[in-house]
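A.B. asks: Structure file target27.tsv (TSV, C-alpha atoms) is given on the next line.
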```
chain	number	residue	atom	x	y	z
A	729	MET	CA	0.00	0.00	0.00
A	730	ASN	CA	1.20	3.50	-0.77
A	731	TYR	CA	0.85	6.33	1.60
A	732	PRO	CA	0.57	9.61	-0.31
A	733	ASN	CA	4.12	10.50	0.67
A	734	GLY	CA	5.36	7.25	-0.84
A	735	MET	CA	5.98	5.47	2.47
A	736	LYS	CA	5.20	1.78	2.50
A	737	ARG	CA	3.13	0.46	5.35
A	738	SER	CA	5.30	-1.43	7.73
A	739	ARG	CA	4.45	-5.09	8.20
A	740	THR	CA	4.80	-4.56	11.90
A	741	THR	CA	2.06	-1.92	12.03
A	742	SER	CA	-0.78	-3.07	14.20
A	743	PRO	CA	-4.14	-3.64	12.49
A	744	ARG	CA	-5.77	-0.35	11.62
A	745	ASN	CA	-8.53	0.93	13.83
A	746	ARG	CA	-10.05	-2.43	14.57
A	747	ASN	CA	-11.85	-0.90	17.51
A	748	HIS	CA	-13.40	1.73	15.22
A	749	SER	CA	-15.00	-0.88	13.04
A	750	ASN	CA	-17.31	0.34	10.30
A	751	ARG	CA	-19.44	-2.76	10.54
A	752	GLY	CA	-23.11	-1.93	10.50
A	753	MET	CA	-22.64	1.24	8.46
A	754	THR	CA	-22.58	1.05	4.70
A	755	LEU	CA	-19.88	2.86	2.77
A	756	GLU	CA	-22.56	5.18	1.39
A	757	GLU	CA	-23.73	6.10	4.90
A	758	ASP	CA	-20.16	6.70	6.02
A	759	ILE	CA	-19.44	8.93	3.02
A	760	ASN	CA	-22.66	10.87	3.46
A	761	LEU	CA	-21.78	11.54	7.10
A	762	THR	CA	-18.28	12.54	6.06
A	763	ASN	CA	-19.65	14.97	3.49
A	764	GLN	CA	-22.01	16.44	6.08
A	765	TYR	CA	-19.05	16.92	8.38
A	766	TYR	CA	-17.03	18.62	5.62
A	767	LEU	CA	-19.98	20.89	4.84
A	768	ALA	CA	-20.72	21.74	8.47
A	769	HIS	CA	-17.05	22.67	8.96
A	770	ASN	CA	-16.97	24.61	5.71
A	771	LYS	CA	-14.19	22.44	4.36
A	772	ALA	CA	-15.77	21.31	1.10
A	773	VAL	CA	-19.14	21.20	-0.68
A	774	ILE	CA	-19.66	17.62	-1.82
A	775	HIS	CA	-23.00	15.89	-2.29
A	776	LYS	CA	-24.30	12.55	-3.40
A	777	LYS	CA	-26.48	12.82	-6.47
A	778	PRO	CA	-29.99	11.45	-6.07
A	779	THR	CA	-30.69	8.02	-7.55
A	780	PRO	CA	-32.06	8.47	-11.08
A	781	ILE	CA	-35.65	7.25	-11.30
A	782	GLN	CA	-38.00	7.09	-14.26
A	783	ILE	CA	-41.44	8.17	-13.14
A	784	VAL	CA	-44.34	6.54	-14.97
A	785	ASN	CA	-47.36	7.39	-12.89
A	786	VAL	CA	-48.20	10.00	-10.26
A	787	ASN	CA	-51.41	10.41	-8.27
A	788	TYR	CA	-52.52	13.77	-6.92
A	789	PRO	CA	-54.85	13.03	-4.01
A	790	SER	CA	-56.68	16.13	-2.88
A	791	ARG	CA	-55.12	18.03	0.02
A	792	SER	CA	-52.02	15.86	0.20
A	793	ALA	CA	-48.68	15.47	-1.52
A	794	ALA	CA	-48.32	13.93	-4.95
A	795	VAL	CA	-47.76	10.17	-4.73
A	796	ILE	CA	-45.59	8.41	-7.27
A	797	THR	CA	-47.32	5.07	-7.84
A	798	GLU	CA	-45.19	3.60	-10.62
A	799	ALA	CA	-41.52	4.26	-11.20
A	800	TYR	CA	-38.34	2.39	-12.12
A	801	PHE	CA	-34.68	2.63	-11.19
A	802	GLN	CA	-32.51	3.96	-14.01
A	803	GLN	CA	-28.83	3.40	-14.59
A	804	ALA	CA	-26.72	6.35	-13.47
A	805	SER	CA	-24.91	8.07	-16.34
A	806	THR	CA	-22.30	9.69	-14.14
A	807	THR	CA	-20.69	8.99	-10.78
A	808	ASP	CA	-22.54	9.26	-7.48
A	809	TYR	CA	-20.59	12.11	-5.89
A	810	ASN	CA	-19.19	15.42	-7.01
A	811	GLY	CA	-18.41	18.80	-5.57
A	812	LEU	CA	-15.96	21.53	-4.82
A	813	TYR	CA	-12.85	21.54	-2.61
A	814	LEU	CA	-10.18	24.25	-2.52
A	815	GLN	CA	-11.49	25.75	-5.79
A	816	THR	CA	-11.18	22.34	-7.44
A	817	TYR	CA	-13.81	20.10	-9.01
A	818	LEU	CA	-13.93	16.63	-7.39
A	819	ASP	CA	-15.75	13.62	-8.76
A	820	PHE	CA	-15.88	10.07	-7.46
A	821	GLU	CA	-17.73	6.79	-7.29
A	822	ALA	CA	-17.88	4.58	-4.19
A	823	LYS	CA	-18.30	0.80	-4.11
A	824	GLU	CA	-17.99	-1.88	-1.52
A	825	THR	CA	-17.32	-5.54	-2.08
A	826	LYS	CA	-17.52	-8.66	0.09
A	827	ASN	CA	-14.86	-10.20	-2.09
A	828	LYS	CA	-11.58	-10.83	-0.24
A	829	THR	CA	-9.08	-11.07	-3.03
A	830	SER	CA	-10.25	-8.78	-5.82
A	831	PHE	CA	-12.66	-6.04	-6.86
A	832	PRO	CA	-14.90	-7.02	-9.83
A	833	LEU	CA	-14.92	-4.46	-12.65
A	834	ALA	CA	-18.58	-5.32	-13.31
A	835	ASN	CA	-19.28	-2.88	-10.47
A	836	PHE	CA	-18.91	-0.09	-13.04
A	837	HIS	CA	-20.84	0.73	-16.18
A	838	GLU	CA	-19.19	1.81	-19.42
A	839	HIS	CA	-20.68	5.34	-19.25
A	840	GLN	CA	-19.43	5.85	-15.70
A	841	ILE	CA	-15.92	5.05	-16.86
A	842	LYS	CA	-16.33	7.41	-19.83
A	843	HIS	CA	-17.56	10.11	-17.46
A	844	MET	CA	-14.54	9.65	-15.20
A	845	ALA	CA	-12.16	9.80	-18.16
A	846	SER	CA	-13.84	13.07	-19.28
A	847	ILE	CA	-13.40	14.57	-15.84
A	848	LEU	CA	-9.69	13.84	-15.96
A	849	GLU	CA	-9.45	15.31	-19.43
A	850	HIS	CA	-11.15	18.54	-18.32
A	851	GLY	CA	-8.85	18.98	-15.35
A	852	GLY	CA	-10.95	17.72	-12.44
A	853	ILE	CA	-9.82	15.37	-9.70
A	854	CYS	CA	-11.41	11.96	-10.14
A	855	PHE	CA	-11.12	8.75	-8.16
A	856	ILE	CA	-12.98	5.77	-6.77
A	857	ILE	CA	-13.44	4.74	-3.16
A	858	ILE	CA	-13.44	0.97	-2.68
A	859	ARG	CA	-14.24	-0.76	0.58
A	860	PHE	CA	-13.28	-4.37	1.20
A	861	THR	CA	-15.80	-5.13	3.92
A	862	VAL	CA	-14.12	-8.38	4.96
A	863	HIS	CA	-10.78	-6.63	5.49
A	864	ASP	CA	-12.55	-3.54	6.88
A	865	GLU	CA	-10.32	-1.39	4.66
A	866	THR	CA	-11.32	1.49	2.43
A	867	TYR	CA	-9.06	2.63	-0.40
A	868	LEU	CA	-8.89	5.64	-2.66
A	869	LEU	CA	-7.77	4.67	-6.17
A	870	GLN	CA	-7.15	7.43	-8.68
A	871	THR	CA	-9.01	7.16	-11.99
A	872	LYS	CA	-5.71	7.18	-13.88
A	873	ASP	CA	-4.87	3.91	-12.08
A	874	LEU	CA	-8.32	2.41	-12.67
A	875	LEU	CA	-8.55	3.02	-16.43
A	876	PRO	CA	-5.82	0.55	-17.50
A	877	TYR	CA	-7.63	-2.28	-15.66
A	878	TRP	CA	-10.90	-1.33	-17.31
A	879	GLU	CA	-9.37	-1.36	-20.77
A	880	ASP	CA	-7.34	-4.54	-20.27
A	881	GLN	CA	-10.45	-6.62	-19.59
A	882	PHE	CA	-11.52	-6.16	-23.25
A	883	VAL	CA	-8.22	-7.47	-24.60
A	884	GLY	CA	-8.02	-10.65	-22.60
A	885	GLY	CA	-7.18	-9.14	-19.23
A	886	ARG	CA	-8.75	-9.90	-15.85
A	887	LYS	CA	-12.34	-8.95	-15.08
A	888	SER	CA	-11.33	-7.71	-11.65
A	889	ILE	CA	-8.58	-5.79	-9.87
A	890	PRO	CA	-6.61	-7.89	-7.38
A	891	TYR	CA	-6.89	-6.72	-3.79
A	892	LYS	CA	-3.12	-6.72	-3.56
A	893	GLU	CA	-2.78	-4.24	-6.44
A	894	ILE	CA	-5.42	-1.94	-5.00
A	895	SER	CA	-3.57	-2.01	-1.69
A	896	GLU	CA	-0.35	-1.10	-3.54
A	897	LYS	CA	-1.61	1.51	-6.03
A	898	GLY	CA	-4.38	2.90	-3.85
A	899	TYR	CA	-4.28	4.86	-0.61
A	900	LEU	CA	-5.80	3.54	2.59
A	901	ILE	CA	-8.35	6.10	3.79
A	902	PRO	CA	-8.12	6.76	7.53
A	903	PHE	CA	-11.19	6.14	9.64
A	904	LYS	CA	-12.01	9.03	11.95
A	905	TYR	CA	-14.91	9.47	14.29
A	906	GLN	CA	-16.17	12.60	12.58
A	907	ALA	CA	-14.90	12.27	9.03
A	908	ARG	CA	-15.55	8.54	8.86
A	909	VAL	CA	-14.06	8.18	5.36
A	910	ASP	CA	-11.64	11.07	5.38
A	911	TYR	CA	-10.76	11.05	1.70
A	912	LEU	CA	-9.82	14.74	1.70
A	913	ALA	CA	-6.86	13.82	3.92
A	914	ILE	CA	-5.56	11.70	1.04
A	915	LEU	CA	-6.28	14.36	-1.60
A	916	ASP	CA	-4.48	16.96	0.51
A	917	GLN	CA	-1.30	14.96	0.20
A	918	LEU	CA	-1.78	13.98	-3.43
A	919	TYR	CA	-2.84	17.33	-4.91
A	920	PHE	CA	-2.71	20.27	-2.52
I	431	MET	CA	-28.84	44.89	-20.18
I	432	ASN	CA	-25.11	44.34	-19.83
I	433	TYR	CA	-23.06	42.50	-22.35
I	434	PRO	CA	-20.10	40.84	-20.68
I	435	ASN	CA	-17.76	43.42	-22.18
I	436	GLY	CA	-19.81	46.21	-20.60
I	437	MET	CA	-21.49	47.36	-23.82
I	438	LYS	CA	-25.09	48.42	-23.43
I	439	ARG	CA	-27.58	47.02	-25.88
I	440	SER	CA	-28.48	49.66	-28.41
I	441	ARG	CA	-32.11	50.68	-28.46
I	442	THR	CA	-32.06	50.35	-32.23
I	443	THR	CA	-31.04	46.67	-32.14
I	444	SER	CA	-33.65	44.55	-33.79
I	445	PRO	CA	-35.49	42.04	-31.58
I	446	ARG	CA	-33.26	39.10	-30.79
I	447	ASN	CA	-33.77	35.86	-32.65
I	448	ARG	CA	-37.52	36.12	-32.93
I	449	ASN	CA	-37.43	33.53	-35.68
I	450	HIS	CA	-35.57	31.11	-33.39
I	451	SER	CA	-38.32	31.10	-30.84
I	452	ASN	CA	-37.97	28.71	-27.92
I	453	ARG	CA	-41.70	28.27	-27.61
I	454	GLY	CA	-42.66	24.65	-27.14
I	455	MET	CA	-39.37	23.73	-25.45
I	456	THR	CA	-38.97	24.17	-21.72
I	457	LEU	CA	-35.88	25.83	-20.32
I	458	GLU	CA	-34.87	22.50	-18.79
I	459	GLU	CA	-35.12	20.74	-22.16
I	460	ASP	CA	-33.08	23.49	-23.81
I	461	ILE	CA	-30.37	23.32	-21.15
I	462	ASN	CA	-30.23	19.53	-21.30
I	463	LEU	CA	-29.74	19.69	-25.08
I	464	THR	CA	-27.11	22.37	-24.62
I	465	ASN	CA	-25.25	20.23	-22.09
I	466	GLN	CA	-25.43	17.25	-24.45
I	467	TYR	CA	-23.95	19.43	-27.17
I	468	TYR	CA	-21.16	20.62	-24.86
I	469	LEU	CA	-20.41	17.02	-23.89
I	470	ALA	CA	-20.51	15.67	-27.45
I	471	HIS	CA	-18.07	18.41	-28.52
I	472	ASN	CA	-15.89	17.83	-25.48
I	473	LYS	CA	-16.31	21.42	-24.35
I	474	ALA	CA	-17.57	20.82	-20.80
I	475	VAL	CA	-18.98	18.07	-18.57
I	476	ILE	CA	-22.19	19.42	-17.08
I	477	HIS	CA	-25.17	17.32	-16.00
I	478	LYS	CA	-28.55	17.87	-14.44
I	479	LYS	CA	-28.89	16.08	-11.13
I	480	PRO	CA	-31.77	13.62	-10.89
I	481	THR	CA	-34.89	14.74	-9.02
I	482	PRO	CA	-34.61	13.63	-5.39
I	483	ILE	CA	-37.29	11.07	-4.54
I	484	GLN	CA	-38.07	9.35	-1.28
I	485	ILE	CA	-38.84	5.71	-1.97
I	486	VAL	CA	-41.34	4.09	0.40
I	487	ASN	CA	-42.28	0.85	-1.28
I	488	VAL	CA	-40.76	-1.34	-4.00
I	489	ASN	CA	-42.15	-4.51	-5.53
I	490	TYR	CA	-39.90	-7.17	-7.02
I	491	PRO	CA	-42.04	-9.12	-9.47
I	492	SER	CA	-40.33	-12.29	-10.62
I	493	ARG	CA	-38.37	-12.04	-13.86
I	494	SER	CA	-38.87	-8.31	-14.29
I	495	ALA	CA	-37.43	-5.07	-13.03
I	496	ALA	CA	-38.13	-3.75	-9.55
I	497	VAL	CA	-41.21	-1.50	-9.52
I	498	ILE	CA	-41.38	1.45	-7.17
I	499	THR	CA	-45.02	1.55	-6.06
I	500	GLU	CA	-44.93	4.34	-3.50
I	501	ALA	CA	-42.60	7.32	-3.51
I	502	TYR	CA	-42.67	11.07	-2.92
I	503	PHE	CA	-40.93	14.08	-4.38
I	504	GLN	CA	-38.37	15.63	-2.06
I	505	GLN	CA	-37.08	19.17	-1.97
I	506	ALA	CA	-33.69	19.53	-3.62
I	507	SER	CA	-30.95	20.54	-1.21
I	508	THR	CA	-28.64	21.89	-3.88
I	509	THR	CA	-28.97	23.34	-7.37
I	510	ASP	CA	-30.05	21.32	-10.38
I	511	TYR	CA	-26.88	21.53	-12.45
I	512	ASN	CA	-23.18	21.28	-11.84
I	513	GLY	CA	-20.06	20.27	-13.65
I	514	LEU	CA	-16.64	21.05	-14.97
I	515	TYR	CA	-15.51	23.58	-17.57
I	516	LEU	CA	-11.93	24.63	-18.26
I	517	GLN	CA	-10.76	23.06	-14.98
I	518	THR	CA	-13.36	25.07	-13.10
I	519	TYR	CA	-16.32	23.96	-11.01
I	520	LEU	CA	-19.63	25.36	-12.31
I	521	ASP	CA	-22.94	25.30	-10.43
I	522	PHE	CA	-26.28	26.76	-11.40
I	523	GLU	CA	-30.03	26.68	-11.04
I	524	ALA	CA	-32.47	27.34	-13.89
I	525	LYS	CA	-35.99	28.76	-13.59
I	526	GLU	CA	-38.57	30.09	-15.98
I	527	THR	CA	-41.39	32.46	-15.22
I	528	LYS	CA	-44.52	33.58	-17.06
I	529	ASN	CA	-44.33	36.83	-15.16
I	530	LYS	CA	-43.64	39.84	-17.39
I	531	THR	CA	-42.30	42.39	-14.96
I	532	SER	CA	-40.45	40.50	-12.24
I	533	PHE	CA	-39.01	37.18	-11.11
I	534	PRO	CA	-40.49	35.92	-7.79
I	535	LEU	CA	-37.86	34.93	-5.21
I	536	ALA	CA	-40.21	32.18	-3.97
I	537	ASN	CA	-38.78	30.17	-6.88
I	538	PHE	CA	-35.82	29.41	-4.63
I	539	HIS	CA	-35.53	27.59	-1.32
I	540	GLU	CA	-33.37	28.78	1.54
I	541	HIS	CA	-31.00	25.79	1.28
I	542	GLN	CA	-30.47	26.34	-2.44
I	543	ILE	CA	-29.39	29.90	-1.71
I	544	LYS	CA	-27.09	28.67	1.08
I	545	HIS	CA	-25.63	26.13	-1.29
I	546	MET	CA	-24.96	28.80	-3.92
I	547	ALA	CA	-23.32	31.05	-1.35
I	548	SER	CA	-21.07	28.13	-0.27
I	549	ILE	CA	-20.03	27.52	-3.86
I	550	LEU	CA	-18.94	31.13	-4.20
I	551	GLU	CA	-17.05	30.94	-0.94
I	552	HIS	CA	-15.16	27.82	-2.06
I	553	GLY	CA	-14.13	29.36	-5.35
I	554	GLY	CA	-16.59	27.88	-7.82
I	555	ILE	CA	-18.53	29.75	-10.50
I	556	CYS	CA	-22.19	30.02	-9.55
I	557	PHE	CA	-25.15	31.63	-11.26
I	558	ILE	CA	-28.81	31.28	-12.14
I	559	ILE	CA	-30.43	31.07	-15.55
I	560	ILE	CA	-33.79	32.82	-15.71
I	561	ARG	CA	-36.13	32.67	-18.67
I	562	PHE	CA	-38.95	35.17	-19.12
I	563	THR	CA	-41.15	33.10	-21.38
I	564	VAL	CA	-43.36	36.03	-22.37
I	565	HIS	CA	-40.37	38.07	-23.50
I	566	ASP	CA	-38.67	34.94	-24.88
I	567	GLU	CA	-35.47	36.07	-23.20
I	568	THR	CA	-33.07	34.01	-21.08
I	569	TYR	CA	-30.64	35.68	-18.71
I	570	LEU	CA	-27.61	34.59	-16.75
I	571	LEU	CA	-27.46	36.32	-13.37
I	572	GLN	CA	-24.40	35.77	-11.20
I	573	THR	CA	-25.04	34.55	-7.66
I	574	LYS	CA	-23.25	37.59	-6.26
I	575	ASP	CA	-25.96	39.74	-7.88
I	576	LEU	CA	-28.78	37.46	-6.69
I	577	LEU	CA	-27.84	37.30	-3.01
I	578	PRO	CA	-28.60	40.94	-2.12
I	579	TYR	CA	-32.18	40.55	-3.45
I	580	TRP	CA	-32.63	37.37	-1.45
I	581	GLU	CA	-31.45	39.02	1.77
I	582	ASP	CA	-33.38	42.26	1.24
I	583	GLN	CA	-36.73	40.45	1.19
I	584	PHE	CA	-36.31	39.61	4.90
I	585	VAL	CA	-35.74	43.24	5.88
I	586	GLY	CA	-38.71	44.76	4.15
I	587	GLY	CA	-37.49	44.48	0.57
I	588	ARG	CA	-39.35	43.19	-2.47
I	589	LYS	CA	-40.27	39.51	-2.81
I	590	SER	CA	-39.20	39.55	-6.42
I	591	ILE	CA	-36.50	40.89	-8.73
I	592	PRO	CA	-37.77	43.41	-11.27
I	593	TYR	CA	-37.37	42.30	-14.89
I	594	LYS	CA	-35.67	45.60	-15.64
I	595	GLU	CA	-32.95	44.96	-13.05
I	596	ILE	CA	-32.34	41.42	-14.30
I	597	SER	CA	-32.00	42.79	-17.81
I	598	GLU	CA	-29.48	45.34	-16.50
I	599	LYS	CA	-27.41	43.22	-14.09
I	600	GLY	CA	-27.78	39.95	-15.98
I	601	TYR	CA	-26.46	38.84	-19.34
I	602	LEU	CA	-28.76	37.86	-22.18
I	603	ILE	CA	-27.86	34.31	-23.23
I	604	PRO	CA	-27.69	33.90	-27.00
I	605	PHE	CA	-29.95	31.33	-28.62
I	606	LYS	CA	-28.12	29.05	-31.03
I	607	TYR	CA	-29.41	26.10	-32.95
I	608	GLN	CA	-27.01	23.64	-31.36
I	609	ALA	CA	-26.21	25.22	-28.01
I	610	ARG	CA	-29.75	26.43	-27.42
I	611	VAL	CA	-28.90	28.20	-24.15
I	612	ASP	CA	-25.25	28.95	-24.77
I	613	TYR	CA	-24.33	30.04	-21.25
I	614	LEU	CA	-20.68	29.10	-21.69
I	615	ALA	CA	-20.43	31.94	-24.21
I	616	ILE	CA	-21.29	34.34	-21.37
I	617	LEU	CA	-18.92	32.66	-18.89
I	618	ASP	CA	-16.10	32.84	-21.44
I	619	GLN	CA	-16.36	36.60	-21.40
I	620	LEU	CA	-16.92	36.94	-17.67
I	621	TYR	CA	-14.26	34.54	-16.36
I	622	PHE	CA	-11.97	33.06	-18.99
```
In structure tokens, how does this file's structure come out?

C.D. replies:
Amino acid sequence: MNYPNGMKRSRTTSPRNRNHSNRGMTLEEDINLTNQYYLAHNKAVIHKKPTPIQIVNVNYPSRSAAVITEAYFQQASTTDYNGLYLQTYLDFEAKETKNKTSFPLANFHEHQIKHMASILEHGGICFIIIRFTVHDETYLLQTKDLLPYWEDQFVGGRKSIPYKEISEKGYLIPFKYQARVDYLAILDQLYF
Amino acid sequence: MNYPNGMKRSRTTSPRNRNHSNRGMTLEEDINLTNQYYLAHNKAVIHKKPTPIQIVNVNYPSRSAAVITEAYFQQASTTDYNGLYLQTYLDFEAKETKNKTSFPLANFHEHQIKHMASILEHGGICFIIIRFTVHDETYLLQTKDLLPYWEDQFVGGRKSIPYKEISEKGYLIPFKYQARVDYLAILDQLYF
């Protein structure tokens, strides 16, 4: 695993924050709480986009709110999170897996990858946050390090990224009580 | 009306683009097409956020997609649009009014205004797009010029912004066949 300053994690380091286990909270919940913390402390303005839903039928009962009575989940065309930090556009997707040894690329859709590549091209910061629930570890992997895996799968490469490579190319995100997935701490060292 | 370069519109100018009337297309449709054009031409990556919906009940019929059978519209906590242009974070809200002489401030919610103020504070570009459908004119008004009107309404000021003042402090957005609401043309002159 890389730390942003290039240090390797020592094998003798004790297991990270086992007593602060995330179990019971989903990655999405943790990130939402983190974003609320960032916003409340005026550190960054980052929001999750609402889930895209195709509405087919709505009832308007008298004297009460409109009720959607038929609707369907749509595939997202972008990532789930974006926002503004230190005058810079941030964009990321978050996924968790129960897999121990690798992260399946099927977790992404083609248009999400295209979106992330566009963000890089236009000068934004773009990354993914991956949680291995079994290891209770959450990594930040920069889009530039994700794209080669995505492309390789179409020319005979693996359909997943090995856990070991994520732990080497990615950055372990510290767990904190308030900023539960403190990804800005990683970005600070990588970009600012 | 200001042009970005400070020129005043001449009184002798012929009416703008009357033959390119927007009638029949909503402002949202026009902006979505504009954003698609920007994306297809690799000019900017700007998307409308999905409408936030609170899902109460979902059915999972066998062998077909999940059907949401009870859900409610929620109030948006941010603006409708954000994205990335020339390495810069953009954020805006779009509204149209049938009113001829003013734009009612009730079109915004308190938390949208707070969000826009935060974006300014963190160094993003933030603005609103207002269409007066009767005049068939669409203006870009910078958030910095919106905020004083918002605040004044709570200390005895008007509950709306006069059309005349929007036409003076705002920037008329050109209608083009491909970029139907070409707001980047205004931003180019204001910021880039």

A.B. asks: Would you pick out the contacts of Tyr515 in chain I at 8 Å or less, using all atoms listed in the file, so that residues sharing its chain but fewer than 5 positions from it are not included, and give the list as a PyMOL selection string?

C.D. replies: (chain A and resi 850) or (chain I and resi 473-476+520)

A.B. asks: Once you count all atoms listed in the file, which residues of chain A turn out to be within 6 Å of chain I? Could you give them as JSON, numbers by chain?

C.D. replies: {"A": [778, 780, 795, 796, 797, 798, 799, 800, 815, 817, 850, 851, 852]}

A.B. asks: So, with only C-alpha atoms as the atoms that count, which of I:Leu617, I:Thr573, I:Trp580, I:Val585 lies closest to Lys599 in chain I?

C.D. replies: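 Between I:Leu617, I:Thr573, I:Trp580, I:Val585, the residue approaching Lys599 in chain I most closely is I:Thr573.
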
A.B. asks: Considering all atoms listed in the file, state which residue in the set A:Asn835, A:Gln906, A:Asn827, A:Gln917 is at the smallest distance from Ile856 in chain A.

C.D. replies: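 The shortest atom-to-atom distance to Ile856 in chain A comes from A:Asn835.
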
A.B. asks: Just give me the gap between CA of Gly587 in chain I and CA of Phe557 in chain I in Å, one decimal is fine.

C.D. replies: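 It comes out at 21.4 Å.
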
A.B. asks: To one decimal place, how far is CA of Ala822 in chain A from CA of Arg859 in chain A in Å?

C.D. replies: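 Spanning CA of Ala822 in chain A to CA of Arg859 in chain A is a straight-line distance of 8.0 Å.
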
A.B. asks: Please measure the separation of CA of Ile461 in chain I and CA of Lys606 in chain I, giving the value in Å to one decimal.

C.D. replies: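 A separation of 11.6 Å between them.
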
A.B. asks: Counting all atoms listed in the file, which of A:Tyr809, A:Phe903, A:Phe860, A:Tyr766 gets nearest to Phe831 in chain A?

C.D. replies: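 Nearest candidate to Phe831 in chain A out of A:Tyr809, A:Phe903, A:Phe860, A:Tyr766: A:Phe860.
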
A.B. asks: Export range 597-603 of chain I from the structure block above, keeping all heavy atoms, as an mmCIF file, in the first residue's frame.

C.D. replies:
```cif
data_model
loop_
_atom_site.group_PDB
_atom_site.id
_atom_site.type_symbol
_atom_site.label_atom_id
_atom_site.label_comp_id
_atom_site.auth_asym_id
_atom_site.auth_seq_id
_atom_site.Cartn_x
_atom_site.Cartn_y
_atom_site.Cartn_z
ATOM 1 N N SER I 597 -32.489 42.496 -16.461
ATOM 2 C CA SER I 597 -32.000 42.793 -17.808
ATOM 3 C C SER I 597 -30.794 43.732 -17.760
ATOM 4 O O SER I 597 -29.997 43.769 -18.691
ATOM 5 C CB SER I 597 -33.119 43.381 -18.668
ATOM 6 O OG SER I 597 -33.399 44.709 -18.280
ATOM 7 N N GLU I 598 -30.643 44.451 -16.647
ATOM 8 C CA GLU I 598 -29.479 45.337 -16.504
ATOM 9 C C GLU I 598 -28.273 44.630 -15.881
ATOM 10 O O GLU I 598 -27.142 44.779 -16.341
ATOM 11 C CB GLU I 598 -29.838 46.549 -15.634
ATOM 12 C CG GLU I 598 -30.690 47.577 -16.374
ATOM 13 C CD GLU I 598 -31.355 48.591 -15.445
ATOM 14 O OE1 GLU I 598 -31.099 48.551 -14.221
ATOM 15 O OE2 GLU I 598 -32.149 49.412 -15.941
ATOM 16 N N LYS I 599 -28.532 43.858 -14.798
ATOM 17 C CA LYS I 599 -27.414 43.218 -14.088
ATOM 18 C C LYS I 599 -27.061 41.860 -14.692
ATOM 19 O O LYS I 599 -25.964 41.354 -14.476
ATOM 20 C CB LYS I 599 -27.764 43.025 -12.607
ATOM 21 C CG LYS I 599 -27.880 44.349 -11.883
ATOM 22 C CD LYS I 599 -28.185 44.192 -10.409
ATOM 23 C CE LYS I 599 -28.367 45.574 -9.797
ATOM 24 N NZ LYS I 599 -28.992 45.546 -8.484
ATOM 25 N N GLY I 600 -28.021 41.263 -15.397
ATOM 26 C CA GLY I 600 -27.780 39.946 -15.979
ATOM 27 C C GLY I 600 -27.227 40.062 -17.390
ATOM 28 O O GLY I 600 -27.012 41.157 -17.915
ATOM 29 N N TYR I 601 -27.014 38.911 -17.994
ATOM 30 C CA TYR I 601 -26.464 38.839 -19.342
ATOM 31 C C TYR I 601 -27.408 38.001 -20.196
ATOM 32 O O TYR I 601 -27.723 36.859 -19.837
ATOM 33 C CB TYR I 601 -25.070 38.203 -19.302
ATOM 34 C CG TYR I 601 -24.130 39.025 -18.453
ATOM 35 C CD1 TYR I 601 -24.012 38.787 -17.085
ATOM 36 C CD2 TYR I 601 -23.423 40.082 -19.009
ATOM 37 C CE1 TYR I 601 -23.182 39.564 -16.294
ATOM 38 C CE2 TYR I 601 -22.594 40.875 -18.226
ATOM 39 C CZ TYR I 601 -22.479 40.615 -16.864
ATOM 40 O OH TYR I 601 -21.676 41.404 -16.081
ATOM 41 N N LEU I 602 -27.853 38.574 -21.289
ATOM 42 C CA LEU I 602 -28.757 37.861 -22.184
ATOM 43 C C LEU I 602 -27.999 36.702 -22.827
ATOM 44 O O LEU I 602 -26.940 36.898 -23.425
ATOM 45 C CB LEU I 602 -29.271 38.827 -23.257
ATOM 46 C CG LEU I 602 -30.387 38.338 -24.157
ATOM 47 C CD1 LEU I 602 -31.670 38.043 -23.361
ATOM 48 C CD2 LEU I 602 -30.674 39.391 -25.231
ATOM 49 N N ILE I 603 -28.547 35.491 -22.691
ATOM 50 C CA ILE I 603 -27.864 34.309 -23.228
ATOM 51 C C ILE I 603 -28.284 34.117 -24.673
ATOM 52 O O ILE I 603 -29.481 34.070 -24.974
ATOM 53 C CB ILE I 603 -28.210 33.051 -22.404
ATOM 54 C CG1 ILE I 603 -27.769 33.255 -20.945
ATOM 55 C CG2 ILE I 603 -27.549 31.816 -22.999
ATOM 56 C CD1 ILE I 603 -28.137 32.098 -20.028
#
```
